[in-house]
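Asker: To start, I am sharing the structure in question, which I have written as structure tokens.
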Amino acid sequence: MNQTFDWDAAHEALPLLLEGFRTTLLATLLGTLVAAVLGLAIAVAGRAPSRLVTVPVKAVMEFVRSTPLLVQLVGAVAVFPTVEPLTTGIVVLGLHYATYTSEVYRAGIDGVPKGQWEACRALSMSPRRTWQAVILPQAVRNVLPALGNYAISMFKETPFLAVITVQEMVFEARKYGADHFAYTEAWTLAGLIFLVASYPTSLLMRKLEKRLGH
């Protein structure tokens, strides 16, 4: 391993890391989409009147939240070996974070004033119309900053995908370091790219929280 930082090695490694960053970004965006949609579905299902719905939903949530993401990734690959690793990674990331975003949605739904529900019933609005036009718009607005923070957390956990051979940025950094004995350069650049990508987003989430009054 080089004892000093080799700028030539860094310059050579950068295109490979940026290519891996594209995969990292894709996994984060699609995983966040899965988590946002599935988390909302879980939150709504958790309010179902039938225990035939709520009990299995809660059981799955507890299982996912009680096991490490790394174990879930390896287990999913073992169960579905023919599925593309990137696809498996996106689904597992989305499912893992959906169990957390569902709690965020639940808090947002509970935060809608009871008067809104009563007004909808007084106007004889259907349950579907009540959810779509009144409840969900207010609930989602209240939880946007929290959802954004989970997206940032997911972005920083995408390196776990390297374990199932997804060629994201950390995978490329490790491969370049092993091939050229330039671990310092590759890992330093990977860390800087993560910082440059996530820090501005964190600032944006803080501003959004202040604007929404959180």
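In the structure tokens, each chain is lettered A, B, ... as it comes, each chain's residues begin at 1, and ligands are numbered from 1 in order of appearance.
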Enumerate, in order of chain and increasing residue number, the residues of segment 11-94 of chain A with an atom no farther than 12 Å from segment 127-133 of chain A, each with its shortest atom pair and distance in Å to one decimal, counting only C-alpha atoms, as a Markdown table.
Answerer:
```
| residue | atom | partner | partner_atom | distance |
| --- | --- | --- | --- | --- |
| A:Leu40 | CA | A:Trp131 | CA | 11.6 |
| A:Ala41 | CA | A:Trp131 | CA | 12.0 |
| A:Val44 | CA | A:Trp131 | CA | 9.4 |
| A:Ala48 | CA | A:Pro127 | CA | 11.8 |
```
Asker: Write out, as a JSON list (two decimals), in the first residue's frame, the residues just selected, with N, CA and C atoms.
Answerer:
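Result file is result28.json:
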```json
[["chain", "number", "residue", "atom", "x", "y", "z"],
["A", 40, "LEU", "N", -45.90, 3.80, 2.61],
["A", 40, "LEU", "CA", -47.24, 4.38, 2.69],
["A", 40, "LEU", "C", -48.30, 3.27, 2.71],
["A", 41, "ALA", "N", -48.10, 2.26, 1.87],
["A", 41, "ALA", "CA", -49.05, 1.14, 1.84],
["A", 41, "ALA", "C", -49.09, 0.41, 3.18],
["A", 44, "VAL", "N", -51.02, 2.56, 5.76],
["A", 44, "VAL", "CA", -52.47, 2.51, 5.56],
["A", 44, "VAL", "C", -53.00, 1.15, 5.96],
["A", 48, "ALA", "N", -56.00, -0.87, 9.06],
["A", 48, "ALA", "CA", -57.14, -1.67, 8.63],
["A", 48, "ALA", "C", -57.90, -2.21, 9.85]]
```
Asker: Write out as JSON, numbers by chain the residues lying within 7 Å of Ala186 of chain A, counting only C-alpha atoms and excluding same-chain residues fewer than 3 positions away.
Answerer: {"A": [10, 13, 173, 176, 177, 182, 183, 189, 190]}
Asker: Please produce a file of those selected residues containing N, CA and C atoms, as a compact mmCIF listing (two decimals), in the first residue's frame.
Answerer:
```
# COMPACT_ATOMS: atom_id res chain seq x y z
N ALA A 10 -5.08 8.54 -8.13
CA ALA A 10 -6.40 9.12 -7.88
C ALA A 10 -7.06 9.55 -9.17
N ALA A 13 -8.27 6.47 -10.91
CA ALA A 13 -9.38 5.79 -10.26
C ALA A 13 -10.69 6.56 -10.36
N ALA A 173 -14.08 1.05 -5.72
CA ALA A 173 -12.93 1.52 -4.94
C ALA A 173 -12.11 0.35 -4.41
N TYR A 176 -10.33 -1.34 -7.42
CA TYR A 176 -9.17 -0.58 -7.91
C TYR A 176 -8.02 -0.66 -6.91
N GLY A 177 -8.33 -0.54 -5.63
CA GLY A 177 -7.28 -0.62 -4.62
C GLY A 177 -6.57 -1.97 -4.65
N ALA A 182 -3.55 0.74 -4.41
CA ALA A 182 -3.76 2.17 -4.17
C ALA A 182 -5.04 2.35 -3.37
N TYR A 183 -5.10 1.70 -2.22
CA TYR A 183 -6.30 1.76 -1.39
C TYR A 183 -6.57 3.16 -0.85
N LEU A 189 -11.16 9.05 -2.29
CA LEU A 189 -12.04 9.62 -3.30
C LEU A 189 -13.49 9.17 -3.08
N ALA A 190 -13.68 7.91 -2.74
CA ALA A 190 -15.05 7.41 -2.50
C ALA A 190 -15.69 8.17 -1.34
```
Asker: Leaving out Arg141 of chain A and any residue of its chain fewer than 3 positions from it, which residues lie within 12 Å of it when counting only C-alpha atoms, given as a tab-separated table (two decimals) with C-alpha atoms, in the first residue's frame?
Answerer:
```
chain	number	residue	atom	x	y	z
A	104	VAL	CA	-43.08	8.22	9.62
A	105	TYR	CA	-46.27	8.08	7.55
A	107	ALA	CA	-47.08	9.74	12.61
A	108	GLY	CA	-48.04	12.08	9.78
A	109	ILE	CA	-51.49	10.51	9.49
A	111	GLY	CA	-51.02	14.32	13.09
A	112	VAL	CA	-53.95	15.22	10.85
A	134	VAL	CA	-57.72	15.29	2.49
A	135	ILE	CA	-55.63	12.99	4.68
A	136	LEU	CA	-52.64	11.94	2.57
A	137	PRO	CA	-51.78	15.42	1.17
A	138	GLN	CA	-51.52	16.78	4.71
A	144	LEU	CA	-41.27	15.12	3.82
A	145	PRO	CA	-38.18	16.13	5.83
A	146	ALA	CA	-38.09	12.77	7.62
A	147	LEU	CA	-38.46	10.91	4.32
A	148	GLY	CA	-35.58	12.94	2.92
A	208	LEU	CA	-37.23	22.21	4.28
A	209	GLU	CA	-37.81	21.37	7.94
A	211	ARG	CA	-39.96	26.06	6.04
A	212	LEU	CA	-42.53	23.47	7.05
A	213	GLY	CA	-42.26	24.51	10.65
A	214	HIS	CA	-40.64	21.35	12.07
```
Asker: Expressed in Å to a single decimal, how great is the separation between atom CA of Thr99 of chain A and atom CA of Ala43 of chain A?
Answerer: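 Spanning atom CA of Thr99 of chain A to atom CA of Ala43 of chain A is a straight-line distance of 9.0 Å.
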Asker: Determine, for each residue of segment 151-212 of chain A having at least one atom at most 12 Å from an atom of segment 72-83 of chain A, the closest pair of atoms and their separation in Å to one decimal, counting only C-alpha atoms; order by chain and ascending number, as JSON lines.
Answerer:
```
{"residue": "A:Glu157", "atom": "CA", "partner": "A:Leu73", "partner_atom": "CA", "distance": 11.8}
{"residue": "A:Thr158", "atom": "CA", "partner": "A:Leu73", "partner_atom": "CA", "distance": 11.0}
{"residue": "A:Pro159", "atom": "CA", "partner": "A:Leu73", "partner_atom": "CA", "distance": 11.6}
{"residue": "A:Phe160", "atom": "CA", "partner": "A:Leu73", "partner_atom": "CA", "distance": 8.1}
{"residue": "A:Leu161", "atom": "CA", "partner": "A:Leu73", "partner_atom": "CA", "distance": 7.5}
{"residue": "A:Ala162", "atom": "CA", "partner": "A:Leu73", "partner_atom": "CA", "distance": 10.1}
{"residue": "A:Val163", "atom": "CA", "partner": "A:Val74", "partner_atom": "CA", "distance": 7.7}
{"residue": "A:Ile164", "atom": "CA", "partner": "A:Val74", "partner_atom": "CA", "distance": 6.6}
{"residue": "A:Thr165", "atom": "CA", "partner": "A:Val77", "partner_atom": "CA", "distance": 10.2}
{"residue": "A:Val166", "atom": "CA", "partner": "A:Leu73", "partner_atom": "CA", "distance": 11.0}
```
Asker: Only C-alpha atoms, please: the residues just picked out, written as a PDB file, in the first residue's frame.
Answerer:
```pdb
ATOM      1  CA  GLU A 157     -25.777   2.336   3.215  1.00  0.00           C
ATOM      2  CA  THR A 158     -25.527   1.426  -0.476  1.00  0.00           C
ATOM      3  CA  PRO A 159     -21.942   0.148   0.077  1.00  0.00           C
ATOM      4  CA  PHE A 160     -23.559  -2.962   1.577  1.00  0.00           C
ATOM      5  CA  LEU A 161     -24.588  -3.824  -1.983  1.00  0.00           C
ATOM      6  CA  ALA A 162     -20.941  -4.583  -2.772  1.00  0.00           C
ATOM      7  CA  VAL A 163     -21.328  -7.759  -0.696  1.00  0.00           C
ATOM      8  CA  ILE A 164     -23.765  -9.150  -3.291  1.00  0.00           C
ATOM      9  CA  THR A 165     -21.444  -8.086  -6.169  1.00  0.00           C
ATOM     10  CA  VAL A 166     -23.300  -4.911  -7.167  1.00  0.00           C
TER      11      VAL A 166
END
```
Asker: Can you list, as a PyMOL selection string, every protein, DNA or RNA residue that comes within 12 Å of Val34 of chain A when you count only C-alpha atoms, leaving out same-chain residues fewer than 2 positions away?
Answerer: chain A and resi 27-32+36-42+87+89-99+101-102+151+154
Asker: Could you please take those selected residues and save N, CA, C and O atoms as a tab-separated table (two decimals), in the first residue's frame?
Answerer:
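Saved file part-v1.tsv follows:
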```tsv
chain	number	residue	atom	x	y	z
A	27	ALA	N	-29.43	3.01	-7.36
A	27	ALA	CA	-29.95	2.17	-6.26
A	27	ALA	C	-30.64	3.02	-5.21
A	27	ALA	O	-31.68	2.63	-4.67
A	28	THR	N	-30.07	4.19	-4.92
A	28	THR	CA	-30.66	5.07	-3.91
A	28	THR	C	-32.00	5.62	-4.37
A	28	THR	O	-32.99	5.60	-3.62
A	29	LEU	N	-32.05	6.10	-5.60
A	29	LEU	CA	-33.29	6.70	-6.11
A	29	LEU	C	-34.41	5.67	-6.20
A	29	LEU	O	-35.53	5.92	-5.73
A	30	LEU	N	-34.13	4.52	-6.79
A	30	LEU	CA	-35.16	3.50	-6.92
A	30	LEU	C	-35.51	2.88	-5.57
A	30	LEU	O	-36.68	2.59	-5.30
A	31	GLY	N	-34.51	2.69	-4.72
A	31	GLY	CA	-34.79	2.17	-3.39
A	31	GLY	C	-35.65	3.13	-2.57
A	31	GLY	O	-36.55	2.70	-1.84
A	32	THR	N	-35.39	4.43	-2.71
A	32	THR	CA	-36.20	5.43	-2.01
A	32	THR	C	-37.63	5.42	-2.53
A	32	THR	O	-38.58	5.56	-1.74
A	36	ALA	N	-40.77	4.68	-0.22
A	36	ALA	CA	-41.82	5.68	-0.06
A	36	ALA	C	-43.20	5.10	-0.36
A	36	ALA	O	-44.15	5.31	0.39
A	37	VAL	N	-43.30	4.37	-1.46
A	37	VAL	CA	-44.59	3.81	-1.87
A	37	VAL	C	-45.00	2.66	-0.94
A	37	VAL	O	-46.14	2.61	-0.45
A	38	LEU	N	-44.08	1.74	-0.70
A	38	LEU	CA	-44.40	0.59	0.14
A	38	LEU	C	-44.63	1.01	1.59
A	38	LEU	O	-45.51	0.46	2.28
A	39	GLY	N	-43.87	1.99	2.06
A	39	GLY	CA	-44.06	2.47	3.42
A	39	GLY	C	-45.43	3.07	3.62
A	39	GLY	O	-46.07	2.86	4.66
A	40	LEU	N	-45.90	3.80	2.61
A	40	LEU	CA	-47.24	4.38	2.69
A	40	LEU	C	-48.30	3.27	2.71
A	40	LEU	O	-49.28	3.34	3.48
A	41	ALA	N	-48.10	2.26	1.87
A	41	ALA	CA	-49.05	1.14	1.84
A	41	ALA	C	-49.09	0.41	3.18
A	41	ALA	O	-50.16	0.03	3.66
A	42	ILE	N	-47.92	0.24	3.80
A	42	ILE	CA	-47.86	-0.43	5.10
A	42	ILE	C	-48.57	0.40	6.16
A	42	ILE	O	-49.31	-0.12	7.01
A	87	THR	N	-31.04	-5.50	-8.89
A	87	THR	CA	-32.48	-5.54	-8.65
A	87	THR	C	-32.78	-6.03	-7.24
A	87	THR	O	-33.61	-5.46	-6.52
A	89	GLY	N	-30.80	-5.85	-4.68
A	89	GLY	CA	-30.36	-4.82	-3.75
A	89	GLY	C	-31.36	-3.70	-3.62
A	89	GLY	O	-31.64	-3.22	-2.50
A	90	ILE	N	-31.92	-3.26	-4.74
A	90	ILE	CA	-32.91	-2.18	-4.71
A	90	ILE	C	-34.15	-2.59	-3.94
A	90	ILE	O	-34.67	-1.84	-3.11
A	91	VAL	N	-34.63	-3.81	-4.21
A	91	VAL	CA	-35.84	-4.29	-3.53
A	91	VAL	C	-35.60	-4.43	-2.03
A	91	VAL	O	-36.44	-4.02	-1.21
A	92	VAL	N	-34.46	-5.00	-1.65
A	92	VAL	CA	-34.17	-5.19	-0.23
A	92	VAL	C	-33.99	-3.85	0.47
A	92	VAL	O	-34.51	-3.64	1.58
A	93	LEU	N	-33.28	-2.92	-0.16
A	93	LEU	CA	-33.14	-1.58	0.43
A	93	LEU	C	-34.51	-0.93	0.61
A	93	LEU	O	-34.80	-0.34	1.66
A	94	GLY	N	-35.33	-1.02	-0.44
A	94	GLY	CA	-36.66	-0.42	-0.37
A	94	GLY	C	-37.51	-1.03	0.71
A	94	GLY	O	-38.17	-0.32	1.48
A	95	LEU	N	-37.51	-2.37	0.81
A	95	LEU	CA	-38.30	-3.05	1.83
A	95	LEU	C	-37.79	-2.73	3.23
A	95	LEU	O	-38.58	-2.48	4.15
A	96	HIS	N	-36.48	-2.73	3.39
A	96	HIS	CA	-35.89	-2.44	4.70
A	96	HIS	C	-36.30	-1.05	5.19
A	96	HIS	O	-36.74	-0.90	6.33
A	97	TYR	N	-36.17	-0.07	4.32
A	97	TYR	CA	-36.49	1.29	4.74
A	97	TYR	C	-37.99	1.56	4.74
A	97	TYR	O	-38.44	2.49	5.41
A	98	ALA	N	-38.75	0.76	4.03
A	98	ALA	CA	-40.21	0.93	4.07
A	98	ALA	C	-40.76	0.69	5.46
A	98	ALA	O	-41.74	1.31	5.87
A	99	THR	N	-40.12	-0.21	6.21
A	99	THR	CA	-40.59	-0.47	7.56
A	99	THR	C	-40.39	0.73	8.47
A	99	THR	O	-41.07	0.88	9.49
A	101	THR	N	-40.11	4.10	7.06
A	101	THR	CA	-40.93	5.19	6.51
A	101	THR	C	-42.40	4.99	6.85
A	101	THR	O	-43.15	5.96	6.95
A	102	SER	N	-42.82	3.73	7.04
A	102	SER	CA	-44.22	3.49	7.40
A	102	SER	C	-44.53	4.13	8.75
A	102	SER	O	-45.63	4.65	8.96
A	151	ALA	N	-33.78	8.90	2.97
A	151	ALA	CA	-33.15	8.75	1.65
A	151	ALA	C	-31.64	8.95	1.75
A	151	ALA	O	-30.85	8.22	1.13
A	154	MET	N	-30.15	5.88	3.35
A	154	MET	CA	-30.08	4.79	2.38
A	154	MET	C	-28.88	4.98	1.46
A	154	MET	O	-28.16	4.02	1.15
```
Asker: Between atom CA of Leu18 of chain A and atom CA of Met169 of chain A, measure the distance and give it in Å to one decimal.
Answerer: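 If I compute the distance from atom CA of Leu18 of chain A to atom CA of Met169 of chain A, I get 7.1 Å.
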Asker: Report, in Å to a single decimal, how far apart atom CA of Glu168 of chain A and atom CA of Pro85 of chain A are.
Answerer: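 Straight-line distance from atom CA of Pro85 of chain A to atom CA of Glu168 of chain A works out to 11.1 Å.
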Asker: Looking only at the backbone, which of the residues in segment 126-192 of chain A does DSSP tag as alpha helix (DSSP H), as an MDAnalysis selection string?
Answerer: chainID A and resid 127:130 136:157 169:180 183:192
Asker: Of the candidates A:Lys175, A:His11, A:Lys156, A:Arg206, which one gets nearest to Gly191 of chain A if we count only C-alpha atoms?
Answerer: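 Under the stated criterion, the closest residue is A:Lys156.
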